[in-house]
$ cat start_25.csv   # CSV, C-alpha atoms
chain,number,residue,atom,x,y,z
A,1,MET,CA,-22.1,-32.5,19.2
A,2,THR,CA,-20.5,-33.2,15.9
A,3,PRO,CA,-23.1,-34.0,13.2
A,4,THR,CA,-22.9,-37.2,11.2
A,5,PHE,CA,-23.5,-37.3,7.4
A,6,ASN,CA,-25.1,-40.0,5.3
A,7,LEU,CA,-22.4,-40.4,2.6
A,8,ASP,CA,-22.0,-43.1,0.1
A,9,ALA,CA,-18.6,-44.7,-0.7
A,10,CYS,CA,-17.8,-42.3,-3.5
A,11,SER,CA,-18.5,-39.3,-1.4
A,12,LEU,CA,-16.4,-40.7,1.5
A,13,LYS,CA,-13.5,-41.1,-1.0
A,14,ILE,CA,-14.0,-37.5,-2.2
A,15,LEU,CA,-14.0,-36.3,1.4
A,16,GLN,CA,-10.8,-38.2,2.2
A,17,GLU,CA,-9.0,-36.8,-0.8
A,18,PHE,CA,-10.1,-33.3,0.2
A,19,LYS,CA,-8.5,-33.9,3.7
A,20,ASP,CA,-5.3,-35.1,2.1
A,21,LYS,CA,-5.1,-32.0,-0.2
A,22,LYS,CA,-6.3,-29.3,2.2
A,23,THR,CA,-2.9,-27.7,2.6
A,24,GLU,CA,-2.4,-27.7,-1.2
A,25,PHE,CA,-5.7,-26.0,-1.7
A,26,GLU,CA,-4.8,-23.3,0.9
A,27,GLN,CA,-1.5,-22.7,-0.9
A,28,VAL,CA,-3.1,-22.4,-4.4
A,29,ALA,CA,-5.9,-20.1,-3.0
A,30,ALA,CA,-3.3,-17.8,-1.5
A,31,GLU,CA,-1.3,-17.8,-4.7
A,32,VAL,CA,-4.3,-16.9,-6.8
A,33,LYS,CA,-5.2,-14.1,-4.4
A,34,ASN,CA,-1.7,-12.7,-4.5
A,35,LEU,CA,-1.7,-12.9,-8.3
A,36,LEU,CA,-5.0,-11.0,-8.6
A,37,GLU,CA,-3.7,-8.3,-6.2
A,38,GLN,CA,-0.5,-8.0,-8.3
A,39,VAL,CA,-2.2,-7.8,-11.7
A,40,LEU,CA,-5.3,-5.8,-10.8
A,41,SER,CA,-3.7,-3.1,-8.7
A,42,GLY,CA,-0.2,-3.0,-10.2
A,43,SER,CA,1.6,-2.8,-13.6
A,44,GLY,CA,0.2,-6.0,-15.0
A,45,LYS,CA,3.5,-7.8,-15.0
A,46,ILE,CA,3.2,-11.3,-13.6
A,47,SER,CA,5.7,-12.7,-11.1
A,48,SER,CA,4.0,-15.7,-9.5
A,49,LYS,CA,4.5,-19.4,-8.7
A,50,LEU,CA,1.5,-19.9,-11.0
A,51,GLU,CA,3.1,-18.1,-13.9
A,52,GLY,CA,3.6,-21.3,-16.0
A,53,ARG,CA,0.0,-22.3,-15.5
A,54,LEU,CA,-1.6,-19.1,-16.8
A,55,LYS,CA,-2.9,-18.2,-20.2
A,56,ALA,CA,-1.1,-14.8,-20.2
A,57,LYS,CA,2.5,-13.9,-19.5
A,58,GLU,CA,1.8,-10.3,-19.0
A,59,LEU,CA,-1.4,-8.1,-19.0
A,60,GLU,CA,-1.9,-4.4,-19.4
A,61,GLY,CA,-1.8,-2.9,-15.9
A,62,ALA,CA,-5.3,-2.4,-14.6
A,63,GLY,CA,-4.3,0.0,-11.8
A,64,LEU,CA,-7.6,-0.5,-10.0
A,65,HIS,CA,-8.3,0.6,-6.5
A,66,LEU,CA,-10.2,-2.3,-5.0
A,67,ALA,CA,-12.1,-2.7,-1.8
A,68,SER,CA,-10.7,-6.1,-1.1
A,69,ILE,CA,-9.8,-9.5,-2.5
A,70,GLU,CA,-10.8,-12.5,-0.3
A,71,TYR,CA,-10.3,-16.2,-0.5
A,72,ARG,CA,-11.4,-19.3,1.3
A,73,VAL,CA,-11.1,-23.1,1.1
A,74,LYS,CA,-14.2,-25.1,1.9
A,75,THR,CA,-14.3,-26.5,5.3
A,76,GLU,CA,-14.6,-30.3,5.8
A,77,TYR,CA,-18.1,-29.8,7.3
A,78,SER,CA,-19.3,-27.6,4.3
A,79,LEU,CA,-18.0,-30.2,1.8
A,80,ALA,CA,-19.6,-33.1,3.7
A,81,GLU,CA,-22.9,-31.2,3.8
A,82,LYS,CA,-22.7,-30.6,0.1
A,83,LEU,CA,-21.9,-34.2,-0.7
A,84,GLU,CA,-24.9,-35.4,1.4
A,85,ARG,CA,-27.2,-33.1,-0.6
A,86,LYS,CA,-25.6,-33.5,-4.1
A,87,GLY,CA,-23.2,-36.4,-3.8
A,88,ASN,CA,-24.7,-38.2,-6.8
A,89,LYS,CA,-23.5,-35.3,-9.1
A,90,TYR,CA,-19.8,-35.9,-8.3
A,91,GLY,CA,-17.6,-38.7,-9.4
A,92,SER,CA,-14.4,-37.2,-8.0
A,93,LEU,CA,-13.1,-34.2,-6.1
A,94,ALA,CA,-12.1,-32.5,-9.3
A,95,ASP,CA,-15.8,-32.3,-10.3
A,96,ILE,CA,-16.5,-29.9,-7.5
A,97,THR,CA,-15.7,-26.4,-8.8
A,98,ASP,CA,-15.9,-24.3,-5.6
A,99,ILE,CA,-13.4,-26.1,-3.3
A,100,ILE,CA,-11.4,-22.9,-3.6
A,101,GLY,CA,-13.4,-19.6,-3.7
A,102,LEU,CA,-12.2,-16.1,-4.2
A,103,ARG,CA,-14.1,-12.8,-4.2
A,104,VAL,CA,-13.0,-9.5,-5.7
A,105,ILE,CA,-14.9,-6.6,-4.4
A,106,THR,CA,-14.7,-3.3,-6.3
A,107,PHE,CA,-16.0,0.2,-5.5
A,108,TYR,CA,-17.6,0.8,-9.0
A,109,THR,CA,-19.7,-1.3,-11.3
A,110,ASP,CA,-17.6,-0.6,-14.4
A,111,ASP,CA,-14.5,-1.9,-12.5
A,112,VAL,CA,-16.3,-5.3,-12.3
A,113,ASP,CA,-16.0,-5.6,-16.1
A,114,LYS,CA,-12.3,-4.6,-16.0
A,115,VAL,CA,-11.6,-7.3,-13.4
A,116,ALA,CA,-13.6,-9.8,-15.5
A,117,SER,CA,-11.5,-9.0,-18.6
A,118,ALA,CA,-8.3,-9.7,-16.6
A,119,ILE,CA,-9.6,-13.0,-15.3
A,120,GLU,CA,-10.6,-14.2,-18.7
A,121,LYS,CA,-7.1,-13.5,-20.0
A,122,LEU,CA,-5.4,-15.1,-17.0
A,123,PHE,CA,-7.3,-18.3,-16.6
A,124,GLU,CA,-9.1,-21.0,-18.6
A,125,ILE,CA,-12.8,-20.4,-18.1
A,126,ASP,CA,-15.5,-23.0,-17.7
A,127,TRP,CA,-18.1,-21.0,-19.5
A,128,ASP,CA,-20.9,-23.6,-19.1
A,129,ASN,CA,-20.7,-23.2,-15.3
A,130,SER,CA,-19.8,-19.5,-15.1
A,131,VAL,CA,-22.6,-17.0,-14.8
A,132,ASP,CA,-23.3,-13.3,-14.9
A,133,LYS,CA,-26.2,-12.9,-12.5
A,134,ARG,CA,-26.7,-9.3,-13.7
A,135,LYS,CA,-28.2,-10.8,-16.9
A,136,LEU,CA,-30.6,-13.1,-15.1
A,137,LEU,CA,-32.7,-10.5,-13.5
A,138,GLN,CA,-36.0,-9.6,-15.2
A,139,ILE,CA,-36.7,-6.1,-16.2
A,140,ASP,CA,-39.0,-5.6,-13.2
A,141,SER,CA,-36.9,-7.3,-10.6
A,142,PHE,CA,-33.9,-6.4,-8.4
A,143,GLY,CA,-31.6,-8.4,-6.3
A,144,TYR,CA,-28.3,-10.1,-6.0
A,145,LEU,CA,-25.9,-9.0,-8.8
A,146,SER,CA,-22.6,-10.7,-9.2
A,147,ARG,CA,-20.4,-12.4,-11.8
A,148,HIS,CA,-19.2,-15.9,-11.1
A,149,TYR,CA,-16.3,-17.5,-13.0
A,150,ILE,CA,-15.3,-21.1,-12.8
A,151,CYS,CA,-11.6,-21.0,-13.6
A,152,SER,CA,-8.7,-23.5,-14.0
A,153,LEU,CA,-5.0,-23.5,-14.3
A,154,LYS,CA,-3.0,-25.4,-16.8
A,155,ASP,CA,-1.9,-28.9,-15.6
A,156,TYR,CA,-4.0,-28.5,-12.4
A,157,PRO,CA,-7.0,-30.8,-12.0
A,158,HIS,CA,-9.0,-28.7,-9.6
A,159,LYS,CA,-11.2,-25.7,-10.7
A,160,PHE,CA,-11.9,-22.7,-8.5
A,161,GLU,CA,-14.6,-20.0,-8.3
A,162,ILE,CA,-14.0,-16.3,-8.5
A,163,GLN,CA,-16.9,-14.0,-7.7
A,164,LEU,CA,-16.9,-10.3,-8.7
A,165,ARG,CA,-19.1,-7.7,-7.1
A,166,THR,CA,-19.2,-4.1,-5.9
A,167,VAL,CA,-19.2,-3.1,-2.2
A,168,LEU,CA,-22.9,-2.4,-2.3
A,169,GLN,CA,-23.6,-5.7,-4.1
A,170,HIS,CA,-21.6,-7.4,-1.4
A,171,ALA,CA,-23.6,-5.7,1.3
A,172,TRP,CA,-26.8,-6.7,-0.3
A,173,ALA,CA,-25.7,-10.3,-0.8
A,174,ASN,CA,-24.8,-10.6,2.9
A,175,MET,CA,-28.1,-9.2,3.9
A,176,ASP,CA,-30.1,-11.3,1.5
A,177,HIS,CA,-28.2,-14.4,2.6
A,178,ASP,CA,-29.0,-13.7,6.3
A,179,THR,CA,-32.6,-12.7,5.8
A,180,GLY,CA,-33.6,-14.8,2.8
A,181,TYR,CA,-33.0,-18.3,1.7
A,182,LYS,CA,-30.5,-19.1,4.5
A,183,SER,CA,-33.2,-18.8,7.1
A,184,GLY,CA,-35.3,-21.5,5.5
A,185,VAL,CA,-38.5,-19.6,6.3
A,186,GLU,CA,-40.8,-18.1,3.7
A,187,ILE,CA,-40.7,-14.3,4.0
A,188,PRO,CA,-44.0,-12.4,4.1
A,189,GLN,CA,-44.8,-10.4,1.0
A,190,ARG,CA,-44.6,-7.0,2.8
A,191,TYR,CA,-40.9,-7.8,3.7
A,192,LEU,CA,-40.1,-9.0,0.2
A,193,ARG,CA,-41.4,-5.8,-1.2
A,194,SER,CA,-39.3,-3.7,1.1
A,195,MET,CA,-36.2,-5.8,0.3
A,196,ASN,CA,-36.9,-5.4,-3.4
A,197,ARG,CA,-37.2,-1.6,-3.0
A,198,LEU,CA,-33.9,-1.6,-1.1
A,199,ALA,CA,-32.2,-3.7,-3.7
A,200,GLY,CA,-33.4,-1.3,-6.4
A,201,MET,CA,-32.0,1.7,-4.5
A,202,LEU,CA,-28.6,0.0,-4.0
A,203,GLU,CA,-28.5,-0.8,-7.7
A,204,LEU,CA,-29.3,2.8,-8.6
A,205,ILE,CA,-26.6,4.1,-6.2
A,206,ASP,CA,-24.1,1.7,-7.7
A,207,ASP,CA,-24.9,3.1,-11.2
A,208,GLU,CA,-24.8,6.7,-10.0
A,209,PHE,CA,-21.4,6.3,-8.4
A,210,SER,CA,-20.0,5.0,-11.7
A,211,ARG,CA,-21.7,7.7,-13.6
A,212,MET,CA,-20.3,10.4,-11.3
A,213,ARG,CA,-16.8,9.0,-11.5
A,214,SER,CA,-17.0,9.0,-15.3
A,215,GLU,CA,-18.3,12.6,-15.4
A,216,ILE,CA,-15.6,13.8,-13.0
A,217,THR,CA,-12.9,12.0,-15.1
A,218,ASP,CA,-14.3,13.8,-18.2
A,219,TYR,CA,-14.3,17.1,-16.4
A,220,ARG,CA,-10.6,16.7,-15.3
A,221,ARG,CA,-9.7,15.7,-18.9
A,222,SER,CA,-11.4,18.8,-20.3
A,223,ILE,CA,-9.6,21.0,-17.6
A,224,ARG,CA,-6.2,19.6,-18.6
A,225,ASN,CA,-6.9,20.3,-22.2
A,226,LEU,CA,-7.9,23.9,-21.4
A,227,VAL,CA,-4.8,24.4,-19.2
A,228,SER,CA,-2.4,22.9,-21.8
A,229,SER,CA,-4.0,25.1,-24.5
A,230,GLY,CA,-3.5,28.2,-22.4
A,231,LYS,CA,-7.2,29.0,-22.0
A,232,LEU,CA,-6.8,29.8,-18.4
A,233,ASP,CA,-9.5,32.4,-18.0
A,234,GLU,CA,-12.0,29.6,-18.8
A,235,VAL,CA,-10.7,27.4,-15.9
A,236,PRO,CA,-12.1,28.0,-12.4
A,237,LEU,CA,-9.6,27.9,-9.6
A,238,ASP,CA,-10.0,24.7,-7.5
A,239,GLY,CA,-8.0,21.8,-6.3
A,240,ASP,CA,-8.1,19.8,-9.5
A,241,THR,CA,-7.4,22.8,-11.8
A,242,PHE,CA,-4.6,24.2,-9.6
A,243,LYS,CA,-2.9,20.8,-9.6
A,244,SER,CA,-3.0,20.7,-13.4
A,245,TYR,CA,-1.7,24.2,-13.5
A,246,LEU,CA,1.2,23.3,-11.3
A,247,ASP,CA,2.2,20.6,-13.8
A,248,LEU,CA,3.1,23.5,-16.1
A,249,LYS,CA,5.6,24.7,-13.5
A,250,PRO,CA,4.4,28.3,-13.6
A,251,PHE,CA,6.7,29.5,-10.8
A,252,ASP,CA,9.9,28.0,-12.1
A,253,ASN,CA,11.2,31.0,-14.0
A,254,LEU,CA,10.7,33.3,-11.0
A,255,ASN,CA,12.4,30.8,-8.6
A,256,ARG,CA,15.3,30.3,-11.0
A,257,HIS,CA,15.7,34.1,-11.2
A,258,ILE,CA,15.7,34.4,-7.4
A,259,ALA,CA,18.1,31.4,-7.0
A,260,SER,CA,20.6,33.0,-9.4
A,261,MET,CA,21.4,35.7,-6.8
A,262,ASN,CA,23.5,33.2,-4.8
A,263,GLN,CA,23.6,30.3,-7.3
A,264,ALA,CA,21.3,28.6,-4.9
A,265,GLU,CA,19.7,25.2,-5.2
A,266,ILE,CA,15.9,25.1,-5.4
A,267,GLN,CA,14.4,22.6,-3.0
A,268,PRO,CA,11.1,21.2,-4.4
A,269,VAL,CA,8.1,21.3,-2.2
A,270,SER,CA,4.3,20.9,-2.8
A,271,LEU,CA,2.7,24.2,-3.7
A,272,MET,CA,-0.9,23.1,-3.2
A,273,GLN,CA,-0.9,25.1,0.0
A,274,TYR,CA,-1.0,28.2,-2.1
A,275,LEU,CA,-4.5,27.4,-3.5
A,276,PRO,CA,-6.3,28.9,-0.5
A,277,ILE,CA,-3.9,31.8,-0.5
A,278,PHE,CA,-4.5,32.7,-4.2
A,279,LYS,CA,-8.3,32.3,-3.5
A,280,GLY,CA,-7.9,34.5,-0.4
A,281,ILE,CA,-6.4,37.4,-2.4
A,282,GLY,CA,-9.3,37.2,-4.9
A,283,CYS,CA,-8.3,34.8,-7.7
A,284,LYS,CA,-11.3,33.1,-9.3
A,285,THR,CA,-9.7,31.5,-12.3
A,286,LEU,CA,-6.2,30.2,-13.3
A,287,GLY,CA,-6.1,33.2,-15.6
A,288,ASP,CA,-6.1,35.4,-12.5
A,289,VAL,CA,-3.2,33.5,-11.0
A,290,ASN,CA,-1.3,33.7,-14.3
A,291,ARG,CA,-1.8,37.5,-14.4
A,292,ILE,CA,-0.4,37.9,-10.9
A,293,ILE,CA,2.7,36.0,-12.0
A,294,LYS,CA,3.2,38.2,-15.0
A,295,LYS,CA,2.5,41.5,-13.2
A,296,TYR,CA,4.3,40.9,-9.9
A,297,SER,CA,7.3,38.7,-10.7
A,298,ASP,CA,9.7,41.7,-10.7
A,299,ALA,CA,8.3,42.9,-7.4
A,300,ALA,CA,8.6,39.3,-6.0
A,301,TYR,CA,12.3,39.3,-7.1
A,302,GLN,CA,12.9,42.6,-5.4
A,303,ILE,CA,11.5,41.3,-2.1
A,304,ALA,CA,13.7,38.2,-2.4
A,305,SER,CA,16.7,40.4,-3.3
A,306,TYR,CA,16.2,42.4,-0.1
A,307,GLN,CA,15.9,39.2,1.9
A,308,MET,CA,18.8,37.3,0.4
A,309,GLY,CA,21.1,40.0,-0.8
A,310,LEU,CA,23.5,40.1,2.1
A,311,THR,CA,23.4,36.3,2.8
A,312,ASP,CA,25.2,33.3,1.5
A,313,LEU,CA,22.0,31.2,1.4
A,314,ASP,CA,22.6,28.4,-1.1
A,315,VAL,CA,19.3,26.6,-0.9
A,316,ILE,CA,15.8,28.1,-1.3
A,317,SER,CA,12.4,26.6,-1.2
A,318,ALA,CA,10.3,26.4,-4.4
A,319,SER,CA,7.6,28.1,-2.3
A,320,LEU,CA,9.6,31.4,-2.1
A,321,GLY,CA,8.4,32.5,-5.6
A,322,PRO,CA,4.7,32.2,-5.0
A,323,GLN,CA,5.0,33.5,-1.4
A,324,ASN,CA,6.7,36.7,-2.6
A,325,LEU,CA,4.2,37.1,-5.4
A,326,CYS,CA,1.4,37.1,-2.9
A,327,ILE,CA,3.3,39.5,-0.6
A,328,ALA,CA,3.8,41.9,-3.6
A,329,TYR,CA,0.2,41.7,-4.6
A,330,ILE,CA,-1.0,42.5,-1.1
A,331,LEU,CA,1.4,45.4,-0.7
A,332,LYS,CA,0.6,46.9,-4.1
A,333,ASN,CA,-3.2,46.6,-3.5
A,334,ASP,CA,-3.2,48.6,-0.3
A,335,GLY,CA,-3.2,45.5,1.9
A,336,GLY,CA,-2.4,46.2,5.5
A,337,LYS,CA,-1.1,44.3,8.5
A,338,ALA,CA,-4.3,42.2,8.8
A,339,ASP,CA,-4.0,41.0,5.2
A,340,MET,CA,-0.3,40.2,5.6
A,341,ARG,CA,-1.0,38.3,8.8
A,342,PHE,CA,-3.6,36.3,7.0
A,343,LEU,CA,-1.0,35.3,4.4
A,344,TYR,CA,1.5,34.2,7.0
A,345,GLU,CA,-1.0,32.2,9.0
A,346,LEU,CA,-2.1,30.4,5.8
A,347,ILE,CA,1.5,29.5,5.1
A,348,ASN,CA,2.7,28.8,8.6
A,349,GLY,CA,-0.4,28.2,10.6
A,350,THR,CA,-1.5,30.4,13.5
A,351,GLN,CA,1.5,31.6,15.3
A,352,ASN,CA,2.2,34.3,17.9
A,353,GLY,CA,4.8,35.8,15.6
A,354,SER,CA,2.5,36.4,12.6
A,355,ASP,CA,1.9,40.1,13.6
A,356,VAL,CA,5.7,40.7,13.9
A,357,TRP,CA,6.4,39.1,10.5
A,358,ALA,CA,3.6,41.2,8.9
A,359,GLU,CA,4.9,44.4,10.4
A,360,MET,CA,8.5,43.6,9.4
A,361,ILE,CA,7.7,42.8,5.7
A,362,ILE,CA,5.6,45.9,5.4
A,363,GLU,CA,8.4,48.0,6.8
A,364,GLN,CA,11.1,46.3,4.7
A,365,ALA,CA,9.2,46.7,1.4
A,366,ARG,CA,8.3,50.4,1.9
A,367,ASP,CA,11.4,51.6,0.1
A,368,LEU,CA,11.6,48.9,-2.6
A,369,PRO,CA,11.4,50.2,-6.2
A,370,PHE,CA,8.1,48.5,-7.0
A,371,MET,CA,6.3,50.3,-4.2
A,372,ASN,CA,7.1,53.6,-5.8
A,373,GLN,CA,6.1,52.7,-9.3

$ encode --input "start_25.csv" --output "structure tokens"
Amino acid sequence: MTPTFNLDACSLKILQEFKDKKTEFEQVAAEVKNLLEQVLSGSGKISSKLEGRLKAKELEGAGLHLASIEYRVKTEYSLAEKLERKGNKYGSLADITDIIGLRVITFYTDDVDKVASAIEKLFEIDWDNSVDKRKLLQIDSFGYLSRHYICSLKDYPHKFEIQLRTVLQHAWANMDHDTGYKSGVEIPQRYLRSMNRLAGMLELIDDEFSRMRSEITDYRRSIRNLVSSGKLDEVPLDGDTFKSYLDLKPFDNLNRHIASMNQAEIQPVSLMQYLPIFKGIGCKTLGDVNRIIKKYSDAAYQIASYQMGLTDLDVISASLGPQNLCIAYILKNDGGKADMRFLYELINGTQNGSDVWAEMIIEQARDLPFMNQ
């Protein structure tokens, strides 16, 4: 059964105008969503149908990884219900600021402020009706945290709302909405206390995620500084540090030397697979890897020379240098068939031929000069 609403003449006029403009609202909402996606996750350059209605022509790219951007246009039912409750507040459809609503959901609390900065530069803000609910909570209270902006575009009469919140704030808002005021039933104190405890925990988790990200970013920055300054013995060998080390192209000289045998082209490939290999042969720091390069590059070249010397191979993989370094290290440090098989299985995966390859490289390298030095 369709409910009927007790609306005065002004409210009926507003409702009819909304029906007439519903398609327009849908189009504007979608355009604003696309604009936010473009600006917040991309370079900051603006290419939009709304471009002429914005405060900014170009923003510094935020490059944010967002959970989602959502939008909605009020339903006719929702608007009629609002007009029945608050119709005396509105003289026209343009007075209603949430006909269009958008929500930007971030992973981190500090990203909320970055999104807020972009919104303030893009749109005209109705500061009297915008609110930062984070500032409304008392020192001893917890609850729904969000930023709400009432925005407008140049030469467009209708304002729209943009809400900013984190994933955890969004989860709490939905739960609070379903179990709190939406129910219309007063909640017993014991449940309110539990909900407040949960809200406090979520707020703490939000803050801790942001703190952890900030500390990890600082750690990575300090590692890059140590690597670029050559203090490799101070840098533990892990995924982040090895990636920074590879930016220095430490295997390039060896690969170029090998490629010069046949004037071969070097095919670039990811060398991150060599992280567990260098760890497996005992490297603890980037300094250990660097010493292997310095000490075993000649041996690695001799192995490659034996492999390529009688071929017309004109393309080599960038992995050949580090692979032969590890082979040379194992051979010179009394590694046997099991160690060599371990190396080949890390490189190629578990294969039936690993034993054969291990035996063959040990046999081939037996008479190379570096083995007798």

$ residues_near_point --input "start_25.csv" --point "(11.4, 43.8, -2.3)" --cutoff "6 Å" --atoms "only C-alpha atoms" --output "JSON list (two decimals) with C-alpha atoms, in the frame of the given file"
[["chain", "number", "residue", "atom", "x", "y", "z"],
["A", 302, "GLN", "CA", 12.90, 42.60, -5.40],
["A", 303, "ILE", "CA", 11.50, 41.30, -2.10],
["A", 306, "TYR", "CA", 16.20, 42.40, -0.10],
["A", 365, "ALA", "CA", 9.20, 46.70, 1.40],
["A", 368, "LEU", "CA", 11.60, 48.90, -2.60]]

$ closest_residue --input "start_25.csv" --among "A:Ala56, A:Leu102, A:Leu313, A:Leu79" --to "Ala118 of chain A" --atoms "all atoms listed in the file"
A:Ala56

$ atom_distance --input "start_25.csv" --atom1 "atom CA of Asp126 of chain A" --atom2 "atom CA of Glu161 of chain A"
9.9 Å

$ residues_near_point --input "start_25.csv" --point "(-22.6, -38.4, 2.3)" --cutoff "7 Å" --atoms "all atoms listed in the file" --output "list in words"
Phe5, Asn6, Leu7, Asp8, Ser11, Leu12, Ala80, Leu83, Glu84 and Gly87 of chain A

$ closest_residue --input "start_25.csv" --among "A:Tyr301, A:Tyr149, A:Lys279, A:Asn262" --to "Asp314 of chain A" --atoms "only C-alpha atoms"
A:Asn262

$ atom_distance --input "start_25.csv" --atom1 "atom CA of Glu203 of chain A" --atom2 "atom CA of Glu215 of chain A"
18.5 Å

$ decode --input "start_25.csv" --residues "segment 196-219 of chain A" --atoms "N, CA and C atoms" --output "compact mmCIF listing (two decimals), in the first residue's frame"
# COMPACT_ATOMS: atom_id res chain seq x y z
N ASN A 196 29.22 2.05 23.02
CA ASN A 196 30.23 3.08 23.21
C ASN A 196 31.63 2.48 23.31
N ARG A 197 31.73 1.33 23.98
CA ARG A 197 33.02 0.66 24.06
C ARG A 197 33.50 0.25 22.67
N LEU A 198 32.57 -0.30 21.88
CA LEU A 198 32.92 -0.72 20.53
C LEU A 198 33.31 0.49 19.68
N ALA A 199 32.57 1.58 19.81
CA ALA A 199 32.90 2.80 19.06
C ALA A 199 34.30 3.28 19.41
N GLY A 200 34.63 3.23 20.71
CA GLY A 200 35.96 3.65 21.14
C GLY A 200 37.05 2.76 20.56
N MET A 201 36.78 1.45 20.52
CA MET A 201 37.76 0.52 19.93
C MET A 201 37.97 0.81 18.45
N LEU A 202 36.88 1.05 17.72
CA LEU A 202 37.02 1.34 16.29
C LEU A 202 37.78 2.63 16.05
N GLU A 203 37.52 3.62 16.89
CA GLU A 203 38.25 4.89 16.77
C GLU A 203 39.74 4.67 17.01
N LEU A 204 40.07 3.86 18.01
CA LEU A 204 41.47 3.56 18.31
C LEU A 204 42.12 2.81 17.16
N ILE A 205 41.41 1.83 16.60
CA ILE A 205 41.95 1.06 15.47
C ILE A 205 42.20 1.97 14.27
N ASP A 206 41.26 2.86 14.00
CA ASP A 206 41.44 3.83 12.91
C ASP A 206 42.73 4.62 13.09
N ASP A 207 42.92 5.14 14.31
CA ASP A 207 44.12 5.93 14.60
C ASP A 207 45.39 5.10 14.48
N GLU A 208 45.30 3.83 14.92
CA GLU A 208 46.49 2.97 14.88
C GLU A 208 46.87 2.61 13.45
N PHE A 209 45.88 2.39 12.59
CA PHE A 209 46.18 2.12 11.19
C PHE A 209 46.93 3.30 10.56
N SER A 210 46.46 4.51 10.85
CA SER A 210 47.12 5.70 10.29
C SER A 210 48.53 5.85 10.86
N ARG A 211 48.67 5.58 12.17
CA ARG A 211 49.99 5.69 12.79
C ARG A 211 50.96 4.67 12.18
N MET A 212 50.48 3.44 11.99
CA MET A 212 51.34 2.40 11.41
C MET A 212 51.77 2.77 10.00
N ARG A 213 50.82 3.28 9.21
CA ARG A 213 51.17 3.66 7.85
C ARG A 213 52.23 4.76 7.86
N SER A 214 52.07 5.74 8.74
CA SER A 214 53.03 6.83 8.83
C SER A 214 54.41 6.32 9.22
N GLU A 215 54.46 5.40 10.18
CA GLU A 215 55.74 4.87 10.62
C GLU A 215 56.40 4.02 9.54
N ILE A 216 55.60 3.23 8.82
CA ILE A 216 56.15 2.42 7.73
C ILE A 216 56.69 3.31 6.62
N THR A 217 55.97 4.40 6.34
CA THR A 217 56.45 5.35 5.32
C THR A 217 57.77 5.96 5.75
N ASP A 218 57.88 6.33 7.03
CA ASP A 218 59.14 6.90 7.54
C ASP A 218 60.27 5.87 7.46
N TYR A 219 59.93 4.61 7.78
CA TYR A 219 60.93 3.54 7.71
C TYR A 219 61.45 3.38 6.28
